[in-house]
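Comments concern the structure below.
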Amino acid sequence: MIVHHSEKTRFLAEEVTMVKFWRLFVLGTAVFFLVACGSSEPEVLRLATTTSTEDSGLLEAILPDFEEQYNARVDVVAVGTGQAIALGEAGDADVILVHARSREDAFVADGHGTERSDVMYNDFIIVGPVDDPAGIQGMELAADALTAIAEAEATWASRGDDSGTHSKERSLWEAAGLPSDPEGDWYKSLGQGMGDTLRFANESGAYTMTDRGTFLSQQDSLPNLAIMVGGSSIDENADLSLYNPYGVIPVNPDKGNINNELADEFVEWLTSVDTQSVIADYGIDTFGQPLFYPDSQAWRDQ
């Protein structure tokens, strides 16, 4: 068979075209899978936590690192500790980060959570109007200050939201020999988070109890309030009852629809030395002191 040069040229051109096609096909397929893998949808972690971790700005400072490392999106619900625990009990959260130790222990004991881990601590303080109508500034014990406030019927703003802060406040009223929820027009139960309660106290000339971290982070917008009990730093707080530890607990996966694997990874990340170091530094540049102090087992074991 005689093949003319023009036919040979055509055959060669077709062969080259097929080779180019397959090369482009393989390359395109590889690029597709690379893009698909790189743009996979992030897993969602539902975090129920206290308003203090959000109002202080801590979550905004630390969560992006977790989201990047684990290709995750953390959906934060910041409420009082009581509400955060209720979300966990209902299976509407994957992990909780709260600050009411006895209630945290009960959450685990009742089978709602798998295990509690220490995360960090700060302290509670009592703040009030700069003119201090109840004369409590400088008192060492919160119970003594609350007694003086009640006797003076000076306005008191309670969160009244079943939060960890509210639980601590109620125990301090009892320590002062008073009802945990005092009666009288001077006692205002707001049903609000820490930030809103501080703003109310600032505007109405009321005393209130707050975690130090939230107060320091919002102090510039609270010109009418000053620290009355607890000193200017945690080292100056002589009242051990104002110690405020935080714990993290994954929700029991038996509840169903719980992202337990990601919750466990979150706990491991949150309690790691690297993340604890970020917590240790948070607030120092702006306020001259940390807003929270790291306290995980890994941090203590260094």
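Residue numbering restarts at 1 in every chain; chains get A, B, ... in the order shown in the structure tokens, and ligands count up from 1 in that same order.
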
Distance query Asn252 (chain A) at most 8 Å, only C-alpha atoms, self and fewer than 2 positions along chain excluded, as a short mmCIF file (atom, residue, chain, number, x, y, z; two decimals) with N, CA and C atoms, in the first residue's frame:
data_model
loop_
_atom_site.label_atom_id
_atom_site.label_comp_id
_atom_site.auth_asym_id
_atom_site.auth_seq_id
_atom_site.Cartn_x
_atom_site.Cartn_y
_atom_site.Cartn_z
N GLY A 111 -24.45 12.24 82.58
CA GLY A 111 -24.30 11.61 81.27
C GLY A 111 -24.48 12.53 80.08
N HIS A 112 -24.57 13.82 80.32
CA HIS A 112 -24.74 14.76 79.19
C HIS A 112 -23.42 15.09 78.50
N GLY A 113 -22.33 15.01 79.23
CA GLY A 113 -21.01 15.30 78.68
C GLY A 113 -20.06 14.16 78.94
N THR A 114 -18.96 14.11 78.17
CA THR A 114 -18.04 12.98 78.29
C THR A 114 -16.99 13.20 79.37
N PRO A 250 -17.03 18.14 75.96
CA PRO A 250 -17.73 17.65 74.77
C PRO A 250 -19.07 17.04 75.17
N ASP A 254 -23.96 10.08 72.32
CA ASP A 254 -25.16 9.24 72.34
C ASP A 254 -26.43 10.04 72.09
N LYS A 255 -26.36 11.35 72.23
CA LYS A 255 -27.53 12.19 71.98
C LYS A 255 -27.90 12.22 70.51
N ILE A 258 -24.20 14.68 67.02
CA ILE A 258 -23.13 15.41 67.71
C ILE A 258 -21.83 15.19 66.95
N ASN A 260 -18.78 14.65 67.49
CA ASN A 260 -17.92 14.30 68.62
C ASN A 260 -16.44 14.35 68.27
#

Find the residues near region 45-57 of chain A: any atom within 9 Å, counting only C-alpha atoms, skip ones fewer than 5 places away on the same chain, and give them as a VMD selection string. chain A and resid 72 to 85 87 to 88 92 to 99 163 to 164 193 to 195 210 to 211 213 to 218 258 to 259 262 to 263 266 291

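For region 153-259 of chain A, backbone-based DSSP assignment of strand (DSSP E or B) covers Trp156, Ala157, Ser158, Tyr187, Lys188, Ser189, Tyr207, Thr208, Met209, Thr210, Asp211, Leu225, Ala226, Ile227, Met228, Val229, Tyr243, Asn244, Pro245, Tyr246, Gly247, Val248, Ile249, Pro250 and Val251 of chain A.
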
Contacts of Val273 (chain A) at 6 Å (only C-alpha atoms; same-chain gap of 3+ positions) as a VMD selection string: chain A and resid 276 to 277 299

Just the number, please: distance in Å from CA of Glu261 (chain A) to CA of Met120 (chain A), one decimal. 22.5 Å

Nearby residues (only C-alpha atoms) at most 9 Å from Asn71 (chain A), same-chain spacing under 6 positions excluded, as a VMD selection string: chain A and resid 40 to 43

Just list the residues in region 152-222 of chain A DSSP gives alpha helix (DSSP H) on the backbone, as a ChimeraX atom specification. /A:152,164-175,194-204,212-218

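Between Ala226 (chain A) and the residues A:Tyr207, A:Phe292, A:Tyr243, A:Phe124, the shortest atom-to-atom distance, using only C-alpha atoms, involves A:Tyr207.
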